[in-house]
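Enquirer: Take this structure first; my questions come after.
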Amino acid sequence: MNLEYLQSFYTTVKYNSISKAAFHLHLTQPGLSMQLKNLEKELGTSLLIRSNKGVKLTEEGKIVFNYADTILSIKDNIERDLKNLQQDRPKLLIGSCKSIGEYALPCTIFVFKKLHKELDINMEVNNSYEVIKKLCDHSINIGIIQDDPKENSLDIEYLTSDELILVGNNNEDIEHITIEELKKLPLILREESSNARHLVKNAFQEKGVLLEDLNVIYSLNSPEAIKSSILAGKGVSFLPKIIVKNELKKGLLKHITMDEIKIEFNYYLAYRKNYAFDEYEQMFADFITSNKRTFC
């Protein structure tokens with residue numbers, strides 16, 4: 001398969017416009033159209049339906065587009081890794097879920113960097129779903145995720161344990177709460193695709209309660225934004241202990257206890273099955289699994 005044609009197809013779908021894609025790819029519109037036709041000819045099927053409103057994927061086109069996303073990511077990664085080999089400074093790319101990547105993991109990276117000053121370290125922070133997706137499409141080789149992903153293509157190693165706790169503003173006159181009482185409070189949750197939301201949803205479902213039964217006022221994709229909302233008195237939320245311990249210690253936030261709900265989970269180092277770490281990836285994996293005390 002011609003990867004240049006595949007890139008042109010992928011870009012056309014992304015921009016929903018042959019003219020915009022051609023401009024982005026530095027091609028003429030007839031030149032781009034010819035590449036798209038050649039790809040369709042090569043695959044023996046129609047991929048796009050063209051109209052004055054843009055382009056629409058055929059059913060076959062949807063399949064090719066999904067594979068193109070992975071294939072082109074792998075192509076970019078091959079080029080990146082080959083480029084890194086040609087440079088003097090070795091590089092380490094880590095993907096991490098937000099709860100540990102924004103708060104605890106920087107301490108670990110700092111200590112590891114002190115031991116390996118020659119190494120350039122970059123960390124991408126997303127929710128666990130996105131970290132797993134990046135592992136599977138080969139965008140990253142090492143990920144740190146919240147909870148067991150139940151993903152057959154990945155291996156995981158235990159790092160540390162944590163708990164989602166109900167947190168409110170310290171001015172709230174609440175120490176303990178029941179599920180029925182929680183239903184009356186404004187609740188802030190993580191975004192739909194986050195593992196934290198999934199854990200909360202499952203915990204309440206086990207008690208016969210749906211998220212729709214709770215007073216969810218909005219969802220945010222940032223634990224820091226949720227903390228800011230709580231501090232501003234907008235509502236309460238379930239957050240990992242690891243990210244609120246400083247605010248709890250300073251008395252800015254309050255842990256509201258619930259006897260009916262307990263949400264415990266683990267953090268894991270994740271990587272693709274049968275993937276062979278390079279030298280520095282292996283050193284980091286060994287370091288983080290044997291030096292859990294560096295999470296701070």
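A note on labels: chains of the structure tokens are A, B, ... as shown, every chain counts residues from 1, and ligands are counted from 1 in their shown order.
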Do a neighbour search on segment 100-103 of chain A at 9 Å with only C-alpha atoms, toss out local chain neighbours closer than 3 positions, and write the hits as a PDB file with N, CA and C atoms, in the first residue's frame.
Expert:
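Dumped to out29.pdb:
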```
ATOM      1  N   GLY A  95       3.898   7.911  28.750  1.00  0.00           N
ATOM      2  CA  GLY A  95       2.506   8.333  28.798  1.00  0.00           C
ATOM      3  C   GLY A  95       1.947   8.033  30.174  1.00  0.00           C
ATOM      4  N   SER A  96       1.191   8.975  30.722  1.00  0.00           N
ATOM      5  CA  SER A  96       0.659   8.758  32.075  1.00  0.00           C
ATOM      6  C   SER A  96      -0.765   9.282  32.197  1.00  0.00           C
ATOM      7  N   CYS A  97      -1.555   8.611  33.028  1.00  0.00           N
ATOM      8  CA  CYS A  97      -2.878   9.132  33.372  1.00  0.00           C
ATOM      9  C   CYS A  97      -2.697  10.409  34.196  1.00  0.00           C
ATOM     10  N   PRO A 106       6.010  13.298  38.565  1.00  0.00           N
ATOM     11  CA  PRO A 106       7.152  14.200  38.377  1.00  0.00           C
ATOM     12  C   PRO A 106       8.279  13.992  39.385  1.00  0.00           C
ATOM     13  N   CYS A 107       7.951  13.610  40.619  1.00  0.00           N
ATOM     14  CA  CYS A 107       9.000  13.329  41.607  1.00  0.00           C
ATOM     15  C   CYS A 107       9.858  12.148  41.168  1.00  0.00           C
ATOM     16  N   MET A 123       7.063  13.545  29.027  1.00  0.00           N
ATOM     17  CA  MET A 123       5.883  12.841  29.533  1.00  0.00           C
ATOM     18  C   MET A 123       4.625  13.457  28.927  1.00  0.00           C
ATOM     19  N   GLU A 124       3.766  12.594  28.364  1.00  0.00           N
ATOM     20  CA  GLU A 124       2.462  13.013  27.859  1.00  0.00           C
ATOM     21  C   GLU A 124       1.400  12.611  28.880  1.00  0.00           C
ATOM     22  N   VAL A 125       0.560  13.552  29.271  1.00  0.00           N
ATOM     23  CA  VAL A 125      -0.452  13.287  30.285  1.00  0.00           C
ATOM     24  C   VAL A 125      -1.833  13.287  29.635  1.00  0.00           C
ATOM     25  N   ASN A 126      -2.546  12.176  29.761  1.00  0.00           N
ATOM     26  CA  ASN A 126      -3.910  12.020  29.246  1.00  0.00           C
ATOM     27  C   ASN A 126      -4.710  11.214  30.271  1.00  0.00           C
ATOM     28  N   ILE A 144       1.535   4.670  32.197  1.00  0.00           N
ATOM     29  CA  ILE A 144       1.151   4.489  33.597  1.00  0.00           C
ATOM     30  C   ILE A 144      -0.335   4.804  33.682  1.00  0.00           C
ATOM     31  N   ILE A 145      -1.103   3.823  34.108  1.00  0.00           N
ATOM     32  CA  ILE A 145      -2.553   3.925  34.025  1.00  0.00           C
ATOM     33  C   ILE A 145      -3.214   3.651  35.369  1.00  0.00           C
ATOM     34  N   GLN A 146      -4.454   4.058  35.434  1.00  0.00           N
ATOM     35  CA  GLN A 146      -5.263   3.881  36.632  1.00  0.00           C
ATOM     36  C   GLN A 146      -6.163   2.665  36.437  1.00  0.00           C
ATOM     37  N   PRO A 223      -8.281  17.067  36.750  1.00  0.00           N
ATOM     38  CA  PRO A 223      -8.406  17.012  38.208  1.00  0.00           C
ATOM     39  C   PRO A 223      -8.148  18.369  38.850  1.00  0.00           C
ATOM     40  N   GLU A 224      -7.233  19.142  38.279  1.00  0.00           N
ATOM     41  CA  GLU A 224      -6.927  20.457  38.835  1.00  0.00           C
ATOM     42  C   GLU A 224      -8.119  21.401  38.700  1.00  0.00           C
ATOM     43  N   PRO A 240      -8.815  11.112  43.534  1.00  0.00           N
ATOM     44  CA  PRO A 240      -7.817  10.240  44.156  1.00  0.00           C
ATOM     45  C   PRO A 240      -7.161  10.922  45.356  1.00  0.00           C
ATOM     46  N   ILE A 242      -4.228  10.693  46.291  1.00  0.00           N
ATOM     47  CA  ILE A 242      -2.868  11.112  45.986  1.00  0.00           C
ATOM     48  C   ILE A 242      -2.800  12.551  45.493  1.00  0.00           C
ATOM     49  N   ILE A 243      -3.911  13.065  44.918  1.00  0.00           N
ATOM     50  CA  ILE A 243      -3.855  14.406  44.348  1.00  0.00           C
ATOM     51  C   ILE A 243      -4.458  15.471  45.264  1.00  0.00           C
ATOM     52  N   TYR A 267      -2.576   1.698  40.537  1.00  0.00           N
ATOM     53  CA  TYR A 267      -1.880   2.241  39.374  1.00  0.00           C
ATOM     54  C   TYR A 267      -0.945   1.162  38.846  1.00  0.00           C
ATOM     55  N   PHE A 295       7.126   8.144  44.629  1.00  0.00           N
ATOM     56  CA  PHE A 295       5.865   8.836  44.390  1.00  0.00           C
ATOM     57  C   PHE A 295       5.613   9.765  45.564  1.00  0.00           C
ATOM     58  N   CYS A 296       5.512  11.062  45.291  1.00  0.00           N
ATOM     59  CA  CYS A 296       5.381  12.007  46.390  1.00  0.00           C
ATOM     60  C   CYS A 296       4.250  13.007  46.144  1.00  0.00           C
TER      61      CYS A 296
END
```
Enquirer: What are the DSSP strand (DSSP E or B) residues of segment 44-202 of chain A, as number ranges by chain?
Expert: A: 48-51, 54-57, 91-97, 120-126, 142-146, 154-169, 176, 187-190
Enquirer: Closest to Ser17 of chain A among A:Arg50, A:Arg190, A:Lys241, A:His116, using only C-alpha atoms?
Expert: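 Of all the options, A:Arg50 lies closest to Ser17 of chain A.
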Enquirer: For Ile226 of chain A, work out the shell of residues within 12 Å, counting only C-alpha atoms and skipping chain neighbours fewer than 6 positions away, then give it as number ranges by chain.
Expert: A: 99, 167-169, 187-191, 217-220, 232-240, 243-244, 253
Enquirer: Select, from A:His255, A:Ser8, A:Val200, A:Thr70, the residue with the minimum atom-to-atom distance to Thr28 of chain A, counting only C-alpha atoms.
Expert: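 Closest to Thr28 of chain A, using only C-alpha atoms: A:Ser8.
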Enquirer: Skip Leu72 of chain A itself and residues of its chain fewer than 4 positions away, then list as a ChimeraX atom specification all residues within 8 Å of it, counting only C-alpha atoms.
Expert: /A:3,7,68,76
Enquirer: Write out the residues from the selection above, keeping N, CA and C atoms, as a tab-separated table (two decimals), in the first residue's frame.
Expert:
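Printed below is again_34.tsv as written:
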```
chain	number	residue	atom	x	y	z
A	3	LEU	N	1.90	4.56	1.17
A	3	LEU	CA	1.64	5.33	2.39
A	3	LEU	C	1.35	6.80	2.10
A	7	GLN	N	-1.84	8.68	3.50
A	7	GLN	CA	-1.76	9.94	4.23
A	7	GLN	C	-2.70	10.98	3.59
A	68	ALA	N	-5.75	3.46	9.01
A	68	ALA	CA	-4.81	4.51	8.62
A	68	ALA	C	-4.30	5.26	9.84
A	76	ASP	N	5.09	7.42	11.83
A	76	ASP	CA	5.68	8.59	12.50
A	76	ASP	C	6.63	8.16	13.61
```
Enquirer: Give me the residues within 9 Å of Lys254 of chain A as number ranges by chain, counting only C-alpha atoms and dropping any in the same chain fewer than 4 places off.
Expert: A: 166-172, 174-175, 247-248
Enquirer: Could you save the residues just selected, with all heavy atoms, as a JSON list (two decimals), in the first residue's frame?
Expert:
```
[["chain", "number", "residue", "atom", "x", "y", "z"],
["A", 166, "LEU", "N", -14.62, 11.16, 48.43],
["A", 166, "LEU", "CA", -15.50, 12.30, 48.21],
["A", 166, "LEU", "C", -14.90, 13.51, 48.91],
["A", 166, "LEU", "O", -14.58, 13.47, 50.10],
["A", 166, "LEU", "CB", -16.89, 12.00, 48.77],
["A", 166, "LEU", "CG", -17.95, 13.08, 48.52],
["A", 166, "LEU", "CD1", -18.20, 13.25, 47.02],
["A", 166, "LEU", "CD2", -19.26, 12.73, 49.24],
["A", 167, "VAL", "N", -14.71, 14.57, 48.14],
["A", 167, "VAL", "CA", -14.03, 15.76, 48.64],
["A", 167, "VAL", "C", -14.94, 16.97, 48.48],
["A", 167, "VAL", "O", -15.60, 17.15, 47.45],
["A", 167, "VAL", "CB", -12.71, 16.00, 47.87],
["A", 167, "VAL", "CG1", -12.04, 17.27, 48.36],
["A", 167, "VAL", "CG2", -11.78, 14.81, 48.04],
["A", 168, "GLY", "N", -14.98, 17.81, 49.52],
["A", 168, "GLY", "CA", -15.75, 19.04, 49.47],
["A", 168, "GLY", "C", -14.94, 20.22, 49.98],
["A", 168, "GLY", "O", -13.84, 20.06, 50.51],
["A", 169, "ASN", "N", -15.50, 21.41, 49.82],
["A", 169, "ASN", "CA", -14.89, 22.62, 50.35],
["A", 169, "ASN", "C", -14.86, 22.54, 51.87],
["A", 169, "ASN", "O", -15.79, 22.05, 52.50],
["A", 169, "ASN", "CB", -15.70, 23.84, 49.90],
["A", 169, "ASN", "CG", -15.00, 25.15, 50.22],
["A", 169, "ASN", "OD1", -14.77, 25.47, 51.37],
["A", 169, "ASN", "ND2", -14.68, 25.90, 49.18],
["A", 170, "ASN", "N", -13.79, 23.02, 52.48],
["A", 170, "ASN", "CA", -13.66, 22.93, 53.94],
["A", 170, "ASN", "C", -14.72, 23.73, 54.67],
["A", 170, "ASN", "O", -14.97, 23.52, 55.86],
["A", 170, "ASN", "CB", -12.27, 23.38, 54.39],
["A", 170, "ASN", "CG", -11.93, 22.87, 55.78],
["A", 170, "ASN", "OD1", -12.18, 21.70, 56.07],
["A", 170, "ASN", "ND2", -11.35, 23.71, 56.61],
["A", 171, "ASN", "N", -15.39, 24.65, 53.97],
["A", 171, "ASN", "CA", -16.46, 25.44, 54.59],
["A", 171, "ASN", "C", -17.78, 24.67, 54.66],
["A", 171, "ASN", "O", -18.72, 25.11, 55.32],
["A", 171, "ASN", "CB", -16.67, 26.75, 53.82],
["A", 171, "ASN", "CG", -15.47, 27.67, 53.93],
["A", 171, "ASN", "OD1", -14.81, 27.71, 54.96],
["A", 171, "ASN", "ND2", -15.19, 28.42, 52.86],
["A", 172, "GLU", "N", -17.83, 23.55, 53.94],
["A", 172, "GLU", "CA", -19.04, 22.73, 53.97],
["A", 172, "GLU", "C", -19.24, 22.16, 55.38],
["A", 172, "GLU", "O", -18.31, 21.63, 55.99],
["A", 172, "GLU", "CB", -18.92, 21.56, 52.98],
["A", 172, "GLU", "CG", -18.87, 21.97, 51.52],
["A", 172, "GLU", "CD", -20.25, 22.18, 50.93],
["A", 172, "GLU", "OE1", -21.24, 22.00, 51.67],
["A", 172, "GLU", "OE2", -20.32, 22.53, 49.75],
["A", 174, "ILE", "N", -20.35, 19.49, 56.50],
["A", 174, "ILE", "CA", -20.64, 18.06, 56.30],
["A", 174, "ILE", "C", -19.40, 17.26, 56.64],
["A", 174, "ILE", "O", -18.31, 17.56, 56.15],
["A", 174, "ILE", "CB", -21.03, 17.76, 54.84],
["A", 174, "ILE", "CG1", -22.18, 18.65, 54.36],
["A", 174, "ILE", "CG2", -21.41, 16.28, 54.67],
["A", 174, "ILE", "CD1", -22.44, 18.53, 52.87],
["A", 175, "GLU", "N", -19.56, 16.25, 57.47],
["A", 175, "GLU", "CA", -18.44, 15.35, 57.80],
["A", 175, "GLU", "C", -18.68, 13.96, 57.23],
["A", 175, "GLU", "O", -17.75, 13.29, 56.79],
["A", 175, "GLU", "CB", -18.27, 15.26, 59.32],
["A", 175, "GLU", "CG", -17.97, 16.58, 60.02],
["A", 175, "GLU", "CD", -16.58, 17.10, 59.67],
["A", 175, "GLU", "OE1", -15.74, 16.30, 59.23],
["A", 175, "GLU", "OE2", -16.36, 18.32, 59.83],
["A", 247, "GLU", "N", -3.98, 19.53, 49.97],
["A", 247, "GLU", "CA", -5.11, 20.39, 50.31],
["A", 247, "GLU", "C", -5.83, 19.91, 51.56],
["A", 247, "GLU", "O", -6.31, 20.72, 52.36],
["A", 247, "GLU", "CB", -6.09, 20.46, 49.14],
["A", 247, "GLU", "CG", -5.62, 21.27, 47.94],
["A", 247, "GLU", "CD", -4.70, 20.48, 47.02],
["A", 247, "GLU", "OE1", -4.45, 19.29, 47.30],
["A", 247, "GLU", "OE2", -4.24, 21.04, 46.02],
["A", 248, "LEU", "N", -5.89, 18.60, 51.75],
["A", 248, "LEU", "CA", -6.50, 18.06, 52.97],
["A", 248, "LEU", "C", -5.65, 18.41, 54.18],
["A", 248, "LEU", "O", -6.17, 18.80, 55.24],
["A", 248, "LEU", "CB", -6.64, 16.53, 52.85],
["A", 248, "LEU", "CG", -7.64, 16.02, 51.82],
["A", 248, "LEU", "CD1", -7.56, 14.49, 51.73],
["A", 248, "LEU", "CD2", -9.07, 16.44, 52.16]]
```
Enquirer: Kindly indicate which residue among A:Glu4, A:Asp213, A:Glu59, A:Glu281 lies nearest to Lys183 of chain A, using only C-alpha atoms for the distances.
Expert: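 Of A:Glu4, A:Asp213, A:Glu59, A:Glu281, the one nearest Lys183 of chain A, counting only C-alpha atoms, is A:Asp213.
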